[in-house]
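**Q** The structure under discussion is supplied below as structure tokens; questions concerning it will follow.
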Amino acid sequence: MPRQLTRQLTRHVTLVALLAAVTAIGPFALQALSPALPALAGEFRVPAASAQLMLSLSLVATAFATLVWGPVSDRLGRRPMMLAGMVLAALGSLLAAVAPALWLAILARLLQAAGAAAGAVLARAVAQDLYGRERAAGVIGQISAVMVLAPMLAPVLSGLIVELAGWRGVFALSGLIAAVLVGWCWAALPETAPRAPAEVPLATLRGFAEVARVRAFWSHACFGASALATFLFFVGAAPYVMQEAFGLGPAAYGVAFIPLAAAYMLSSTVCGRVTARLGPRRTILLGSALTIGAMSAGLVAMALGFDNPLGLMVPAMFHSVGAGLAVPNAVAGAVGAAPARAGAASGLFGFLQFMAGAVAAQIAGFVPHGVAAPTVAGMTVFSVLGLAGFLALEGKARSAPLPHA
């Protein structure tokens with residue numbers, strides 16, 4: 001009996017580690033790209049806005065891929081779709097590493113992002129298949145923790161690689177990681193999709209339509225989308241600001257990014273306790289107050305002559321704290337707004353987040369990078385818009401009956 005329990009525990013730990021790894025590849029590739037963008041723009045001799053297409057268009061690809069991988073895996077199976085996603089991520093990474101032109105590098109990055117998106121989408125589905133609704137929550141929590149660690153490490157590794165081997169080395173590393181994940185999935189990932197008949201595509205679209213009629217979904221989705229847009233606006237602009245305004249290279253940016261990821265990890269850890277005490281709505285408002293207050297204070301300090309990298313990084317760190325408290329509640333509110341269509345709500349929520357992030361990341365390429373104030377001002381605008389949208393749509397949601405799913 002102890003030997004059998006040991007085997008079961010070993011299989012469980014191995015599977016959770018695998019699911020965490022495939023979930024992390026997307027955030028890792030995204031954050032590893034950011035410090036490499038100035039070097040990429042320099043090699044191809046293009047302005048920042050052109051290089052920024054590597055980031056913004058890949059987010060569009062992620063948004064659409066998020067909608068596709070889940071329903072397709074319902075029909076064709078989790079295992080073949082996970083393998084296909086990791087192979088696509090590996091091929092896209094390696095193609096980007098040798099791309100002779102910017103347009104080909106962008107296309108390769110789109111393939112990488114679309115393939116990597118399968119990791120997060122299908123890892124949640126596998127956990128649900130194997131552990132059921134109650135136990136899956138704990139497993140998904142373990143998996144999600146890696147999504148914080150991966151972005152924490154990625155800018156540091158990327159910054160060092162860019163300075164030692166150039167931006168192509170970043171994609172070579174991502175390709176190597178994705179290739180290892182292909183082999184790991186082949187060896188250790190079981191097929192977990194239920195044998196019950198899957199919905200036809202039209203029924204899947206009807207699920208999205210049902211969710212879209214629920215105003216409570218939109219209030220929380222608006223906030224969640226603006227939170228990711230704020231973060232990706234920072235990610236898109238900060239490496240250029242650190243270089244042009246303060247003379248700091250990719251490695252310095254990577255090190256400076258660590259407190260932001262750590263702040264998000266810590267605040268998301270206490271989110272449950274804070275929510276239990278304040279309630280979801282007040283916790284969202286608290287997170288917004290921390291974010292907008294810190295950014296406003298940063299803008300005042302810059303107006304008074306404070307010219308230091310801390311003027312950029314400290315407001316961003318408080319955004320991480322606020323997002324760690326508020327975004328989990330926004331996700332829960334959006335998915336819970338249509339409980340009979342939780343899968344469709346989750347997919348649509350992710351789609352809206354990544355599309356908003358794509359727009360924000362591209363805008364970041366056009367703002368002035370010689371000083372930090374425009375970046376902090378842009379982050380403030382996105383945060384205020386998210387809070388205003390949440391409050392406005394929340395009021396309409398309270399006055400409108402929810403449709404029955």
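As shown in the structure tokens, the chain order sets the letters A, B, ...; within each chain, residues go from 1, and ligands are also counted from 1 in the order they appear.
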Extract, using only C-alpha atoms, all DNA, RNA and protein residues at most 9 Å from Leu40 (chain A), discarding same-chain residues fewer than 3 positions from it, and format them as a PDB file with N, CA and C atoms, in the first residue's frame.
**A**
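Dumped everything to selection.pdb:
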```
ATOM      1  N   ALA A  36      14.646  42.277 -25.285  1.00  0.00           N
ATOM      2  CA  ALA A  36      15.319  42.092 -26.567  1.00  0.00           C
ATOM      3  C   ALA A  36      14.852  43.082 -27.630  1.00  0.00           C
ATOM      4  N   LEU A  37      13.739  43.783 -27.398  1.00  0.00           N
ATOM      5  CA  LEU A  37      13.168  44.624 -28.444  1.00  0.00           C
ATOM      6  C   LEU A  37      14.097  45.762 -28.887  1.00  0.00           C
ATOM      7  N   GLU A  43      19.194  46.106 -34.832  1.00  0.00           N
ATOM      8  CA  GLU A  43      19.741  45.252 -35.893  1.00  0.00           C
ATOM      9  C   GLU A  43      19.007  45.444 -37.214  1.00  0.00           C
ATOM     10  N   PHE A  44      17.679  45.547 -37.149  1.00  0.00           N
ATOM     11  CA  PHE A  44      16.915  45.706 -38.381  1.00  0.00           C
ATOM     12  C   PHE A  44      16.776  47.176 -38.807  1.00  0.00           C
ATOM     13  N   ARG A  45      17.301  48.091 -37.974  1.00  0.00           N
ATOM     14  CA  ARG A  45      17.279  49.520 -38.268  1.00  0.00           C
ATOM     15  C   ARG A  45      15.866  50.029 -38.511  1.00  0.00           C
ATOM     16  N   VAL A  46      15.002  49.731 -37.546  1.00  0.00           N
ATOM     17  CA  VAL A  46      13.607  50.158 -37.619  1.00  0.00           C
ATOM     18  C   VAL A  46      13.272  50.929 -36.347  1.00  0.00           C
ATOM     19  N   ALA A  51       9.376  47.564 -34.304  1.00  0.00           N
ATOM     20  CA  ALA A  51       9.809  46.411 -33.511  1.00  0.00           C
ATOM     21  C   ALA A  51       8.715  45.960 -32.559  1.00  0.00           C
ATOM     22  N   LEU A 102      12.660  41.534 -40.571  1.00  0.00           N
ATOM     23  CA  LEU A 102      11.727  41.780 -39.480  1.00  0.00           C
ATOM     24  C   LEU A 102      10.395  41.092 -39.720  1.00  0.00           C
ATOM     25  N   GLY A 166      23.146  38.487 -28.119  1.00  0.00           N
ATOM     26  CA  GLY A 166      22.205  39.157 -29.007  1.00  0.00           C
ATOM     27  C   GLY A 166      20.783  38.647 -28.817  1.00  0.00           C
ATOM     28  N   TRP A 167      19.845  39.336 -29.466  1.00  0.00           N
ATOM     29  CA  TRP A 167      18.430  39.016 -29.268  1.00  0.00           C
ATOM     30  C   TRP A 167      18.056  37.651 -29.823  1.00  0.00           C
ATOM     31  N   ARG A 168      18.785  37.164 -30.819  1.00  0.00           N
ATOM     32  CA  ARG A 168      18.460  35.857 -31.395  1.00  0.00           C
ATOM     33  C   ARG A 168      18.652  34.736 -30.380  1.00  0.00           C
TER      34      ARG A 168
END
```
**Q** Give me, as CSV, the closest atom pair and its distance (Å, one decimal) for every residue of region 80-175 of chain A within a cut-off of 12 Å of region 233-253 of chain A, counting only C-alpha atoms, rows sorted by chain and rising number.
**A**
```
residue,atom,partner,partner_atom,distance
A:Pro151,CA,A:Val235,CA,11.0
A:Met152,CA,A:Tyr253,CA,11.5
A:Leu153,CA,A:Ala251,CA,11.5
A:Ala154,CA,A:Ala251,CA,10.8
A:Pro155,CA,A:Tyr253,CA,7.3
A:Val156,CA,A:Ala251,CA,6.0
A:Leu157,CA,A:Ala251,CA,7.9
A:Ser158,CA,A:Ala251,CA,7.5
A:Gly159,CA,A:Ala251,CA,3.9
A:Leu160,CA,A:Ala251,CA,5.2
A:Ile161,CA,A:Ala251,CA,8.4
A:Val162,CA,A:Pro250,CA,7.0
A:Glu163,CA,A:Pro250,CA,7.1
A:Leu164,CA,A:Ala251,CA,10.0
A:Gly166,CA,A:Pro250,CA,10.5
A:Trp167,CA,A:Pro250,CA,10.2
A:Val170,CA,A:Pro250,CA,11.9
```
**Q** Could you please take those selected residues and save all heavy atoms as a CSV table (one decimal), in the first residue's frame?
**A**
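In the end it all went to again-v6.csv:
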```csv
chain,number,residue,atom,x,y,z
A,151,PRO,N,7.6,34.8,-15.5
A,151,PRO,CA,7.9,36.2,-15.9
A,151,PRO,C,9.0,36.9,-15.0
A,151,PRO,O,9.6,37.8,-15.4
A,151,PRO,CB,6.6,36.9,-15.7
A,151,PRO,CG,5.6,35.8,-15.8
A,151,PRO,CD,6.2,34.6,-15.2
A,152,MET,N,9.2,36.4,-13.8
A,152,MET,CA,10.2,36.9,-12.9
A,152,MET,C,11.6,36.6,-13.4
A,152,MET,O,12.5,37.5,-13.4
A,152,MET,CB,10.0,36.4,-11.5
A,152,MET,CG,11.0,37.0,-10.5
A,152,MET,SD,10.8,36.2,-8.8
A,152,MET,CE,9.2,36.6,-8.4
A,153,LEU,N,11.8,35.4,-13.9
A,153,LEU,CA,13.1,35.0,-14.3
A,153,LEU,C,13.4,35.4,-15.7
A,153,LEU,O,14.5,35.6,-16.1
A,153,LEU,CB,13.2,33.4,-14.2
A,153,LEU,CG,13.1,32.9,-12.8
A,153,LEU,CD1,13.1,31.3,-12.8
A,153,LEU,CD2,14.2,33.4,-11.9
A,154,ALA,N,12.3,35.4,-16.6
A,154,ALA,CA,12.5,35.6,-18.0
A,154,ALA,C,13.3,36.9,-18.3
A,154,ALA,O,14.2,36.9,-19.1
A,154,ALA,CB,11.2,35.6,-18.8
A,155,PRO,N,12.9,38.1,-17.8
A,155,PRO,CA,13.6,39.3,-18.2
A,155,PRO,C,15.1,39.3,-17.8
A,155,PRO,O,16.0,39.8,-18.4
A,155,PRO,CB,12.9,40.4,-17.4
A,155,PRO,CG,11.5,39.9,-17.2
A,155,PRO,CD,11.8,38.4,-16.9
A,156,VAL,N,15.4,38.6,-16.6
A,156,VAL,CA,16.8,38.6,-16.2
A,156,VAL,C,17.6,37.7,-17.1
A,156,VAL,O,18.7,38.1,-17.6
A,156,VAL,CB,16.9,38.0,-14.7
A,156,VAL,CG1,18.3,37.9,-14.3
A,156,VAL,CG2,16.0,38.8,-13.8
A,157,LEU,N,17.1,36.5,-17.4
A,157,LEU,CA,17.8,35.6,-18.4
A,157,LEU,C,17.9,36.3,-19.8
A,157,LEU,O,19.0,36.3,-20.4
A,157,LEU,CB,17.1,34.3,-18.5
A,157,LEU,CG,17.2,33.4,-17.3
A,157,LEU,CD1,16.3,32.1,-17.5
A,157,LEU,CD2,18.6,33.0,-17.0
A,158,SER,N,16.8,36.9,-20.2
A,158,SER,CA,16.8,37.5,-21.5
A,158,SER,C,17.8,38.7,-21.6
A,158,SER,O,18.6,38.8,-22.6
A,158,SER,CB,15.4,38.0,-21.8
A,158,SER,OG,15.4,38.7,-23.1
A,159,GLY,N,17.8,39.5,-20.5
A,159,GLY,CA,18.8,40.6,-20.5
A,159,GLY,C,20.2,40.2,-20.6
A,159,GLY,O,21.0,40.8,-21.4
A,160,LEU,N,20.6,39.2,-19.9
A,160,LEU,CA,21.9,38.6,-19.9
A,160,LEU,C,22.2,38.1,-21.3
A,160,LEU,O,23.3,38.3,-21.8
A,160,LEU,CB,22.1,37.6,-18.8
A,160,LEU,CG,22.1,38.1,-17.4
A,160,LEU,CD1,22.1,36.9,-16.4
A,160,LEU,CD2,23.2,39.0,-17.1
A,161,ILE,N,21.3,37.3,-21.9
A,161,ILE,CA,21.5,36.7,-23.2
A,161,ILE,C,21.7,37.7,-24.2
A,161,ILE,O,22.5,37.6,-25.1
A,161,ILE,CB,20.4,35.7,-23.5
A,161,ILE,CG1,20.4,34.5,-22.6
A,161,ILE,CG2,20.5,35.3,-25.0
A,161,ILE,CD1,19.2,33.6,-22.7
A,162,VAL,N,20.8,38.8,-24.2
A,162,VAL,CA,20.9,39.9,-25.2
A,162,VAL,C,22.3,40.5,-25.2
A,162,VAL,O,22.9,40.8,-26.2
A,162,VAL,CB,19.8,40.9,-25.0
A,162,VAL,CG1,20.1,42.1,-25.9
A,162,VAL,CG2,18.5,40.3,-25.3
A,163,GLU,N,22.8,40.8,-24.0
A,163,GLU,CA,24.1,41.4,-23.8
A,163,GLU,C,25.3,40.5,-24.2
A,163,GLU,O,26.3,40.9,-24.7
A,163,GLU,CB,24.3,41.9,-22.4
A,163,GLU,CG,23.3,43.1,-22.1
A,163,GLU,CD,23.7,43.8,-20.8
A,163,GLU,OE1,24.6,43.3,-20.1
A,163,GLU,OE2,23.0,44.8,-20.5
A,164,LEU,N,25.1,39.2,-24.1
A,164,LEU,CA,26.2,38.2,-24.4
A,164,LEU,C,26.1,37.7,-25.8
A,164,LEU,O,27.1,37.5,-26.4
A,164,LEU,CB,26.1,37.1,-23.4
A,164,LEU,CG,26.5,37.4,-21.9
A,164,LEU,CD1,26.2,36.2,-21.0
A,164,LEU,CD2,27.9,37.9,-21.8
A,166,GLY,N,23.1,38.5,-28.1
A,166,GLY,CA,22.2,39.2,-29.0
A,166,GLY,C,20.8,38.6,-28.8
A,166,GLY,O,20.5,37.7,-28.1
A,167,TRP,N,19.8,39.3,-29.5
A,167,TRP,CA,18.4,39.0,-29.3
A,167,TRP,C,18.1,37.7,-29.8
A,167,TRP,O,17.1,37.0,-29.3
A,167,TRP,CB,17.6,40.1,-29.9
A,167,TRP,CG,17.6,40.2,-31.4
A,167,TRP,CD1,18.5,41.0,-32.1
A,167,TRP,CD2,16.8,39.5,-32.4
A,167,TRP,NE1,18.3,40.8,-33.5
A,167,TRP,CE2,17.3,39.9,-33.6
A,167,TRP,CE3,15.8,38.5,-32.2
A,167,TRP,CZ2,16.7,39.3,-34.8
A,167,TRP,CZ3,15.2,38.0,-33.4
A,167,TRP,CH2,15.7,38.4,-34.7
A,170,VAL,N,17.8,34.8,-27.4
A,170,VAL,CA,16.6,34.7,-26.6
A,170,VAL,C,15.6,33.7,-27.2
A,170,VAL,O,15.0,32.8,-26.5
A,170,VAL,CB,15.9,36.0,-26.4
A,170,VAL,CG1,14.6,35.9,-25.7
A,170,VAL,CG2,16.9,37.0,-25.6
```
**Q** Rounded to one decimal, what separation in Å do you get between CA of Glu210 (chain A) and CA of Leu67 (chain A)?
**A** 15.2 Å
**Q** With distances taken over only C-alpha atoms, which of A:Pro38, A:Gly370, A:Gly254, A:Gly183 is nearest to Leu83 (chain A)?
**A**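 That would be A:Gly183, the residue with the smallest distance to Leu83 (chain A).
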**Q** Rank nothing, just name the residue among A:Ser93, A:Arg282, A:Leu228, A:Gly70 nearest to Ala105 (chain A), using only C-alpha atoms.
**A**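 Closest to Ala105 (chain A), using only C-alpha atoms: A:Ser93.
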**Q** For each of A:Ala172, A:Val68, A:Ala48, A:Ala316, take the minimum atom-to-atom distance to Ala32 (chain A), counting only C-alpha atoms, then give the residue where this is smallest.
**A** A:Ala172
**Q** Excluding same-chain residues fewer than 2 positions from Ala221 (chain A), what lies within 7 Å of it counting only C-alpha atoms, as a list in words?
**A**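 After dropping sequence-adjacent residues, the list is Phe217, Trp218, Ser219, Phe223, Gly224, Ala225, Ala330, Ala334 and Phe349 of chain A.
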**Q** Work out how far apart CA of Leu88 (chain A) and CA of Gly26 (chain A) are and give it in Å to one decimal.
**A**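 That distance, rounded to one decimal, is 12.0 Å.
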**Q** Grab the CA of Ser288 (chain A) to CA of Ala65 (chain A) distance for me, in Å with one decimal place.
**A** 29.3 Å
**Q** Leaving out Ala118 (chain A) and any residue of its chain fewer than 3 positions from it, which residues lie within 6 Å of it when counting only C-alpha atoms, given as a compact mmCIF listing (two decimals) with C-alpha atoms, in the first residue's frame?
**A**
```
# COMPACT_ATOMS: atom_id res chain seq x y z
CA TRP A 69 -7.31 25.35 -28.45
CA GLY A 85 1.02 23.53 -29.58
CA GLY A 115 1.54 27.48 -30.01
CA VAL A 121 -5.52 26.59 -22.01
CA LEU A 122 -5.04 22.82 -22.09
```
**Q** Taking only C-alpha atoms into account, name the residue in A:Leu104, A:Leu325, A:Ile292, A:Leu312 that is nearest to Met265 (chain A).
**A**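 Of A:Leu104, A:Leu325, A:Ile292, A:Leu312, the one nearest Met265 (chain A), counting only C-alpha atoms, is A:Leu325.
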**Q** Quick one: everything within 7 Å of region 379-382 of chain A, counting only C-alpha atoms, minus sequence neighbours fewer than 2 positions away in the same chain. Send it as a compact mmCIF listing (two decimals) with N, CA, C and O atoms, in the first residue's frame.
**A**
```txt
# COMPACT_ATOMS: atom_id res chain seq x y z
N SER A 226 -8.18 45.99 -18.79
CA SER A 226 -7.39 47.20 -18.59
C SER A 226 -6.16 46.92 -17.72
O SER A 226 -5.11 47.53 -17.91
N ALA A 229 -3.67 45.43 -20.00
CA ALA A 229 -3.24 46.48 -20.92
C ALA A 229 -2.24 47.42 -20.23
O ALA A 229 -1.23 47.82 -20.83
N THR A 230 -2.51 47.77 -18.98
CA THR A 230 -1.59 48.62 -18.23
C THR A 230 -0.22 47.97 -18.10
O THR A 230 0.82 48.59 -18.32
N PHE A 233 1.52 47.71 -21.54
CA PHE A 233 2.00 49.03 -21.94
C PHE A 233 3.34 49.32 -21.27
O PHE A 233 4.28 49.81 -21.92
N PHE A 234 3.43 48.98 -19.99
CA PHE A 234 4.71 49.14 -19.28
C PHE A 234 5.78 48.24 -19.90
O PHE A 234 6.91 48.69 -20.15
N ILE A 292 -3.67 53.54 -8.99
CA ILE A 292 -3.84 54.91 -9.49
C ILE A 292 -3.18 55.91 -8.55
O ILE A 292 -2.56 56.89 -9.00
N MET A 295 0.68 55.79 -9.12
CA MET A 295 1.07 56.38 -10.41
C MET A 295 0.90 57.90 -10.39
O MET A 295 1.73 58.63 -10.92
N THR A 375 5.32 57.20 -20.03
CA THR A 375 4.98 55.80 -19.75
C THR A 375 4.10 55.69 -18.52
O THR A 375 3.08 54.97 -18.52
N VAL A 376 4.46 56.39 -17.46
CA VAL A 376 3.65 56.36 -16.24
C VAL A 376 2.28 56.98 -16.50
O VAL A 376 1.25 56.48 -16.00
N ALA A 377 2.24 58.05 -17.29
CA ALA A 377 0.96 58.68 -17.61
C ALA A 377 0.07 57.73 -18.40
O ALA A 377 -1.14 57.63 -18.14
N VAL A 384 -7.28 54.08 -15.06
CA VAL A 384 -8.48 54.87 -14.80
C VAL A 384 -9.62 54.41 -15.71
O VAL A 384 -10.77 54.30 -15.27
N LEU A 385 -9.31 54.14 -16.97
CA LEU A 385 -10.36 53.66 -17.88
C LEU A 385 -10.94 52.33 -17.40
O LEU A 385 -12.16 52.11 -17.48
N GLY A 386 -10.09 51.45 -16.90
CA GLY A 386 -10.58 50.17 -16.40
C GLY A 386 -11.49 50.32 -15.20
O GLY A 386 -12.55 49.67 -15.13
```
**Q** Nearest to Leu111 (chain A): which of A:Cys185, A:Ala392, A:Ala29, A:Val371 is it, counting only C-alpha atoms?
**A**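 Closest residue, counting only C-alpha atoms: A:Ala29.
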**Q** Out of A:Gly272, A:Leu260, A:Ala332, A:Val214, which residue has the shortest atom-to-atom distance to Val314 (chain A) when counting only C-alpha atoms?
**A**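 Comparing A:Gly272, A:Leu260, A:Ala332, A:Val214 against Val314 (chain A), the winner is A:Leu260.
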